[in-house]
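Trainee: What follows is the file start-v1.cif, containing mmCIF, C-alpha atoms:
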data_model
#
loop_
_atom_site.label_atom_id
_atom_site.label_comp_id
_atom_site.auth_asym_id
_atom_site.auth_seq_id
_atom_site.Cartn_x
_atom_site.Cartn_y
_atom_site.Cartn_z
CA MET N 1 -17.96 151.48 -114.06
CA THR N 2 -14.57 152.19 -115.51
CA GLY N 3 -13.38 154.98 -113.27
CA ARG N 4 -12.47 156.94 -116.39
CA GLY N 5 -10.36 160.11 -116.11
CA ALA N 6 -11.80 163.23 -117.73
CA PHE N 7 -15.42 162.92 -118.83
CA TRP N 8 -18.74 164.70 -118.99
CA ALA N 9 -22.15 163.17 -118.41
CA VAL N 10 -25.76 164.26 -118.28
CA VAL N 11 -26.97 164.00 -114.69
CA ASP N 12 -30.58 164.56 -113.70
CA ARG N 13 -30.98 167.61 -111.46
CA ASP N 14 -34.09 169.53 -110.43
CA VAL N 15 -33.84 173.28 -110.94
CA VAL N 16 -35.70 176.06 -109.11
CA ARG N 17 -35.40 179.74 -109.98
CA VAL N 18 -36.02 182.57 -107.53
CA ALA N 19 -36.33 185.92 -109.31
CA GLY N 20 -37.30 189.40 -108.23
CA PRO N 21 -36.04 192.43 -106.31
CA ASP N 22 -36.03 190.52 -103.00
CA ALA N 23 -34.67 187.22 -104.35
CA VAL N 24 -31.17 187.48 -102.87
CA SER N 25 -32.12 189.13 -99.58
CA TYR N 26 -34.88 186.60 -99.00
CA LEU N 27 -32.70 183.56 -99.76
CA GLN N 28 -29.97 185.03 -97.57
CA GLY N 29 -32.31 184.55 -94.63
CA GLN N 30 -33.17 180.98 -95.61
CA ALA N 31 -29.88 179.37 -96.62
CA SER N 32 -26.97 178.17 -94.47
CA GLN N 33 -24.46 179.71 -96.88
CA ASP N 34 -23.74 183.41 -97.51
CA LEU N 35 -25.59 183.91 -100.78
CA ALA N 36 -25.46 187.71 -100.58
CA ALA N 37 -21.70 187.51 -101.01
CA LEU N 38 -22.05 185.87 -104.42
CA GLY N 39 -21.25 188.04 -107.40
CA VAL N 40 -23.23 187.62 -110.59
CA GLY N 41 -22.08 184.38 -112.21
CA GLU N 42 -20.78 182.88 -108.96
CA SER N 43 -22.16 179.78 -107.26
CA THR N 44 -21.86 177.83 -104.04
CA TRP N 45 -23.42 174.95 -102.10
CA SER N 46 -25.93 175.45 -99.29
CA PHE N 47 -28.26 173.59 -96.99
CA PHE N 48 -31.88 174.55 -96.59
CA LEU N 49 -32.92 173.37 -93.14
CA GLU N 50 -35.95 172.82 -90.96
CA PRO N 51 -36.13 175.16 -87.95
CA THR N 52 -35.03 172.12 -85.91
CA GLY N 53 -31.75 171.99 -87.87
CA LYS N 54 -32.63 168.87 -89.88
CA VAL N 55 -31.77 169.00 -93.59
CA VAL N 56 -34.57 169.57 -96.08
CA VAL N 57 -32.27 169.69 -99.07
CA LEU N 58 -28.65 170.26 -100.11
CA ALA N 59 -28.63 172.52 -103.15
CA ARG N 60 -26.32 174.53 -105.34
CA ALA N 61 -27.03 178.26 -105.61
CA TRP N 62 -26.03 180.22 -108.71
CA ARG N 63 -26.49 183.98 -108.81
CA GLN N 64 -27.41 184.28 -112.46
CA ALA N 65 -28.24 187.99 -112.30
CA ASP N 66 -28.52 190.73 -109.70
CA ASP N 67 -32.07 189.66 -108.88
CA VAL N 68 -32.05 186.00 -110.02
CA VAL N 69 -30.77 182.97 -108.12
CA VAL N 70 -30.96 179.50 -109.65
CA LEU N 71 -30.99 176.55 -107.24
CA ASP N 72 -30.40 172.98 -108.32
CA THR N 73 -30.55 169.74 -106.38
CA ASP N 74 -30.68 165.99 -106.93
CA ALA N 75 -33.49 164.71 -109.11
CA GLY N 76 -36.70 164.09 -107.23
CA PHE N 77 -36.07 166.73 -104.57
CA GLY N 78 -36.88 169.90 -106.50
CA GLY N 79 -40.41 169.89 -105.12
CA ALA N 80 -39.12 169.77 -101.55
CA LEU N 81 -36.67 172.57 -102.36
CA ALA N 82 -39.37 174.79 -103.90
CA GLU N 83 -41.73 174.12 -100.99
CA ARG N 84 -39.05 174.91 -98.42
CA VAL N 85 -38.01 178.15 -100.17
CA ASN N 86 -41.63 179.19 -100.50
CA ARG N 87 -42.59 178.36 -96.89
CA PHE N 88 -41.56 181.65 -95.29
CA ARG N 89 -42.18 183.91 -98.30
CA ILE N 90 -44.50 186.59 -96.94
CA ARG N 91 -44.64 189.97 -98.67
CA VAL N 92 -41.49 189.08 -100.58
CA LYS N 93 -41.04 190.48 -104.07
CA ALA N 94 -39.74 187.34 -105.72
CA ASP N 95 -41.26 184.61 -107.85
CA ILE N 96 -40.37 180.92 -107.52
CA ASP N 97 -40.64 178.56 -110.46
CA THR N 98 -39.14 175.32 -111.71
CA LEU N 99 -37.07 175.04 -114.86
CA PRO N 100 -36.71 172.01 -117.19
CA TRP N 101 -32.96 172.48 -117.48
CA THR N 102 -30.16 170.03 -118.16
CA SER N 103 -27.08 169.50 -116.01
CA LEU N 104 -23.74 168.33 -117.38
CA THR N 105 -21.35 166.98 -114.76
CA VAL N 106 -17.73 167.47 -115.81
CA ARG N 107 -15.05 165.52 -113.91
CA GLY N 108 -11.33 164.94 -114.25
CA VAL N 109 -10.69 168.32 -115.87
CA ASP N 110 -11.62 171.91 -115.06
CA VAL N 111 -13.40 173.65 -117.92
CA ASP N 112 -15.38 176.85 -118.22
CA GLY N 113 -18.78 176.21 -116.74
CA ASP N 114 -21.75 177.77 -115.06
CA VAL N 115 -21.63 176.30 -111.55
CA VAL N 116 -19.08 174.83 -109.15
CA GLY N 117 -18.69 171.09 -108.76
CA TRP N 118 -18.40 168.97 -105.63
CA TRP N 119 -16.37 170.55 -102.83
CA GLY N 120 -16.35 173.78 -104.85
CA GLN N 121 -13.86 172.24 -107.29
CA GLY N 122 -14.17 172.22 -111.06
CA HIS N 123 -17.23 173.41 -112.93
CA ASP N 124 -20.44 171.92 -114.27
CA ARG N 125 -22.71 173.22 -117.00
CA LEU N 126 -26.35 173.99 -116.30
CA GLY N 127 -29.01 175.42 -118.56
CA ALA N 128 -31.72 174.90 -121.14
CA GLY N 129 -29.22 173.38 -123.55
CA PRO N 130 -25.67 173.34 -122.15
CA THR N 131 -22.89 172.53 -124.60
CA PRO N 132 -20.55 169.63 -123.75
CA PRO N 133 -16.91 170.70 -123.32
CA ASP N 134 -14.62 170.24 -126.29
CA ASP N 135 -12.05 167.44 -126.26
CA VAL N 136 -13.61 165.75 -123.23
CA GLU N 137 -14.99 162.23 -123.59
CA GLU N 138 -18.67 161.59 -123.00
CA GLY N 139 -19.39 159.38 -120.02
CA ALA N 140 -22.52 157.85 -118.57
CA GLY N 141 -24.52 158.10 -115.38
CA GLU N 142 -22.59 155.26 -113.77
CA ASP N 143 -19.33 157.13 -114.37
CA ALA N 144 -20.73 160.18 -112.57
CA GLU N 145 -21.96 157.99 -109.70
CA TRP N 146 -18.55 156.30 -109.40
CA ALA N 147 -16.87 159.72 -109.28
CA ARG N 148 -19.36 160.99 -106.70
CA VAL N 149 -18.81 158.07 -104.35
CA ARG N 150 -15.03 158.29 -104.67
CA ALA N 151 -15.24 162.02 -103.91
CA GLY N 152 -17.38 161.39 -100.85
CA TRP N 153 -20.09 163.79 -102.02
CA PRO N 154 -23.49 163.05 -100.43
CA ALA N 155 -26.67 162.59 -102.43
CA MET N 156 -30.23 163.35 -101.47
CA GLY N 157 -32.20 160.23 -100.65
CA THR N 158 -29.14 158.12 -99.85
CA GLU N 159 -26.71 160.00 -97.63
CA ILE N 160 -29.21 162.76 -96.89
CA VAL N 161 -32.71 161.80 -95.75
CA PRO N 162 -34.92 164.91 -95.55
CA GLY N 163 -36.14 165.62 -92.05
CA GLU N 164 -33.68 163.17 -90.47
CA THR N 165 -30.09 164.06 -91.40
CA ILE N 166 -28.25 166.91 -89.66
CA PRO N 167 -25.52 168.95 -91.41
CA ALA N 168 -22.71 167.83 -89.08
CA GLU N 169 -23.18 164.20 -90.11
CA VAL N 170 -22.77 164.82 -93.82
CA GLY N 171 -19.31 166.39 -93.78
CA VAL N 172 -19.88 169.17 -96.32
CA SER N 173 -20.26 172.09 -93.92
CA SER N 174 -16.91 173.48 -95.07
CA VAL N 175 -18.52 174.40 -98.40
CA ALA N 176 -22.23 174.57 -97.52
CA VAL N 177 -22.29 176.55 -94.25
CA ASN N 178 -21.09 180.03 -93.37
CA LEU N 179 -20.78 180.43 -89.61
CA ARG N 180 -20.44 184.22 -89.79
CA LYS N 181 -23.59 185.09 -91.72
CA GLY N 182 -26.90 186.20 -90.27
CA CYS N 183 -29.77 184.11 -88.99
CA TYR N 184 -31.57 181.40 -90.94
CA PRO N 185 -33.91 178.55 -89.96
CA GLY N 186 -31.96 175.73 -88.31
CA GLN N 187 -28.97 177.91 -87.49
CA GLU N 188 -29.18 177.25 -83.76
CA LEU N 189 -28.28 173.56 -84.03
CA VAL N 190 -25.48 174.21 -86.52
CA GLU N 191 -23.93 176.98 -84.42
CA ARG N 192 -24.32 175.11 -81.14
CA MET N 193 -22.55 172.00 -82.39
CA ASP N 194 -19.74 174.07 -83.87
CA SER N 195 -19.23 176.27 -80.80
CA ARG N 196 -19.14 173.26 -78.49
CA GLY N 197 -16.98 171.19 -80.81
CA ALA N 198 -19.63 168.48 -80.56
CA ALA N 199 -19.29 165.38 -82.70
CA ALA N 200 -22.35 164.14 -84.57
CA PRO N 201 -23.82 160.77 -83.55
CA ARG N 202 -22.53 159.35 -86.84
CA ALA N 203 -20.22 160.47 -89.64
CA LEU N 204 -20.02 159.80 -93.36
CA ARG N 205 -16.93 157.96 -94.59
CA ILE N 206 -15.49 156.68 -97.88
CA LEU N 207 -14.91 152.94 -97.58
CA ASP N 208 -13.26 150.18 -99.60
CA VAL N 209 -15.67 147.25 -99.91
CA ALA N 210 -15.75 143.81 -101.47
CA ALA N 211 -17.25 143.31 -104.92
CA GLY N 212 -20.96 142.73 -104.65
CA ALA N 213 -21.51 145.03 -101.68
CA ARG N 214 -24.85 146.84 -101.70
CA PRO N 215 -26.42 149.89 -100.06
CA GLY N 216 -27.86 148.88 -96.72
CA ASP N 217 -25.16 146.29 -96.02
CA PRO N 218 -23.79 146.46 -92.48
CA ILE N 219 -20.31 147.84 -91.82
CA VAL N 220 -18.59 145.43 -89.46
CA VAL N 221 -15.41 146.15 -87.47
CA ASP N 222 -13.94 143.50 -85.14
CA GLY N 223 -17.14 141.50 -85.38
CA ALA N 224 -19.42 144.39 -84.39
CA GLU N 225 -21.78 146.33 -86.64
CA VAL N 226 -20.73 149.99 -86.61
CA GLY N 227 -22.76 151.40 -89.48
CA ARG N 228 -24.46 150.85 -92.82
CA LEU N 229 -23.50 151.48 -96.44
CA THR N 230 -25.50 154.15 -98.22
CA SER N 231 -24.04 154.18 -101.76
CA VAL N 232 -21.83 151.66 -103.57
CA ALA N 233 -19.89 152.05 -106.82
CA GLY N 234 -17.84 148.96 -107.57
CA THR N 235 -15.48 148.43 -104.65
CA VAL N 236 -15.84 151.95 -103.23
CA ALA N 237 -18.72 152.95 -100.99
CA LEU N 238 -20.12 155.62 -98.73
CA GLY N 239 -21.49 154.79 -95.33
CA TYR N 240 -22.29 156.22 -91.94
CA LEU N 241 -20.22 155.10 -88.97
CA LYS N 242 -21.07 155.41 -85.31
CA ARG N 243 -19.31 158.14 -83.38
CA GLY N 244 -15.80 157.16 -82.32
CA VAL N 245 -15.23 154.54 -85.05
CA ASP N 246 -12.09 155.39 -87.02
CA VAL N 247 -12.17 153.49 -90.31
CA GLY N 248 -12.41 154.64 -93.91
CA ARG N 249 -11.54 158.07 -95.30
CA ILE N 250 -13.03 161.42 -94.42
CA PRO N 251 -14.76 163.05 -97.44
CA GLY N 252 -13.30 166.35 -98.52
CA PRO N 253 -11.61 168.29 -101.31
CA SER N 254 -9.03 166.24 -103.20
#
Now, as a test, write the supplied structure out as structure tokens.

Mentor:
Amino acid sequence: MTGRGAFWAVVDRDVVRVAGPDAVSYLQGQASQDLAALGVGESTWSFFLEPTGKVVVLARAWRQADDVVVLDTDAGFGGALAERVNRFRIRVKADIDTLPWTSLTVRGVDVDGDVVGWWGQGHDRLGAGPTPPDDVEEGAGEDAEWARVRAGWPAMGTEIVPGETIPAEVGVSSVAVNLRKGCYPGQELVERMDSRGAAAPRALRILDVAAGARPGDPIVVDGAEVGRLTSVAGTVALGYLKRGVDVGRIPGPS
């Protein structure tokens, strides 16, 4: 991993399309983010939660047309996303299907694109055959992973375990949750923790690690284990720390 500057890379993403007269209104009642506020062509990040408040999936939502919303998430979790979106669909005029689309992650430079990048910064390209940006060097999957870890952006299956992780632990609520929108499954836990100013039992942090560190390695402070690494890219890692441990860097917009 070189930690290159500007680059683009193909990154596997699963894509689900919700289309029909009720697509936006239905998703508005399912997502943690205010999707009804999106104009055509706009996109945002959102959680889709269990009624208990546990995360099913973190996805990106792109309002492609008045009655079409495209959702994309990390590879391998599109089925869980489609199942969750379909779970409460009763007498809803909207069809849900998966799309074999390609995602181009673009980092180090902001170019015209279809959907927002991590932390709502920059743009990525998503579609049946997206065109790489001009005058930007092609990278590889390891470059995208290195950039993701350095940015502190969580991934499904590593930082987010479906049915176990809660939004407050992940640290992306600033871009994936709207506290002023209407009801949605799982809202009670999110709102209660925010209103009480409650800290999650653990928190995601960006950490500097020794070469050779691996996911699952313990995080040790003053001889005591305070957490575990979840993702490693060279000498930078992501990991969860117990509440009250103040090491590493808080993920967030750069």

Trainee: Extract, using all atoms listed in the file, all DNA, RNA and protein residues at most 9 Å from Ala94 (chain N), discarding same-chain residues fewer than 6 positions from it, and format them as a list in words.

Mentor: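 In the requested format, the answer is Val18, Ala19, Gly20, Pro21, Asp22, Ala23, Tyr26, Asp67 and Val68 of chain N.
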
Trainee: Could you check the closest approach to Asp143 (chain N) for each of N:Val170, N:Ala128, N:Val11, N:Ile160 and tell me which residue wins, using all atoms listed in the file?

Mentor: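 When distances to Asp143 (chain N) are compared using all atoms listed in the file, the smallest one comes from N:Val11.
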
Trainee: What do you get, as a ChimeraX atom specification, if you spell out every residue that the PyMOL selection byres ((chain N and resi 30-47) around 8) selects here?

Mentor: /N:24-29,48-49,55-66,85,114-116,120,167,175-178,181,184-185,187

Trainee: Do you know which residues are at most 8 Å from Val245 (chain N) counting all atoms listed in the file, after dropping those on the same chain fewer than 3 positions away, and could you put them as a PDB file with C-alpha atoms, in the coordinates of the input?

Mentor:
ATOM      1  CA  VAL N 226     -20.730 149.990 -86.610  1.00  0.00           C
ATOM      2  CA  LEU N 241     -20.220 155.100 -88.970  1.00  0.00           C
ATOM      3  CA  LYS N 242     -21.070 155.410 -85.310  1.00  0.00           C
TER       4      LYS N 242
END

Trainee: So which residues touch Val236 (chain N) within 7 Å, counting only C-alpha atoms, skipping near sequence neighbours fewer than 4 positions away, as a ChimeraX atom specification?

Mentor: /N:149-150,207-209,232

Trainee: Counting all atoms listed in the file, which residues have an atom no more than 8 Å from (-12.9, 170.1, -101.4) in the file's coordinates? Please list them as an MDAnalysis selection string.

Mentor: chainID N and resid 118:121 175 252:254

Trainee: To one decimal place in Å, what is the distance between CA of Glu142 (chain N) and CA of Glu169 (chain N)?

Mentor: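 Taking CA of Glu142 (chain N) as the start and CA of Glu169 (chain N) as the end point, the length is 25.3 Å.
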
Trainee: Record the distance separating CA of Glu137 (chain N) and CA of Trp8 (chain N), expressed in Å with one decimal.

Mentor: 6.4 Å

Trainee: Kindly give the distance, in Å, that separates CA of Asp97 (chain N) and CA of Arg13 (chain N), rounded to a single decimal.

Mentor: 14.6 Å

Trainee: Under the rule that all atoms listed in the file are counted, which of N:Ala75, N:Leu104, N:Leu229, N:Ala224 is the nearest residue to Glu159 (chain N)?

Mentor: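 Ranked by minimum distance to Glu159 (chain N), first place goes to N:Leu229.
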
Trainee: Residue by residue, what does the PyMOL selection byres ((chain N and resi 204) around 6) grab here? Present the result as a list in words.

Mentor: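 Selected by the PyMOL selection byres ((chain N and resi 204) around 6) in this file: Val170, Ala203, Arg205, Gly239 and Tyr240 of chain N.
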
Trainee: From the options N:Asp194, N:Asp72, N:Glu138, N:Asp246, which residue's atoms come nearest to Ser173 (chain N), counting only C-alpha atoms?

Mentor: N:Asp194

Trainee: Given the choices N:Thr165, N:Ser103, N:Ala233, N:Asp14, which gets closest to Gly79 (chain N) if the distance is worked out from only C-alpha atoms?

Mentor: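 Looking only at the distances to Gly79 (chain N), the closest residue turns out to be N:Asp14.
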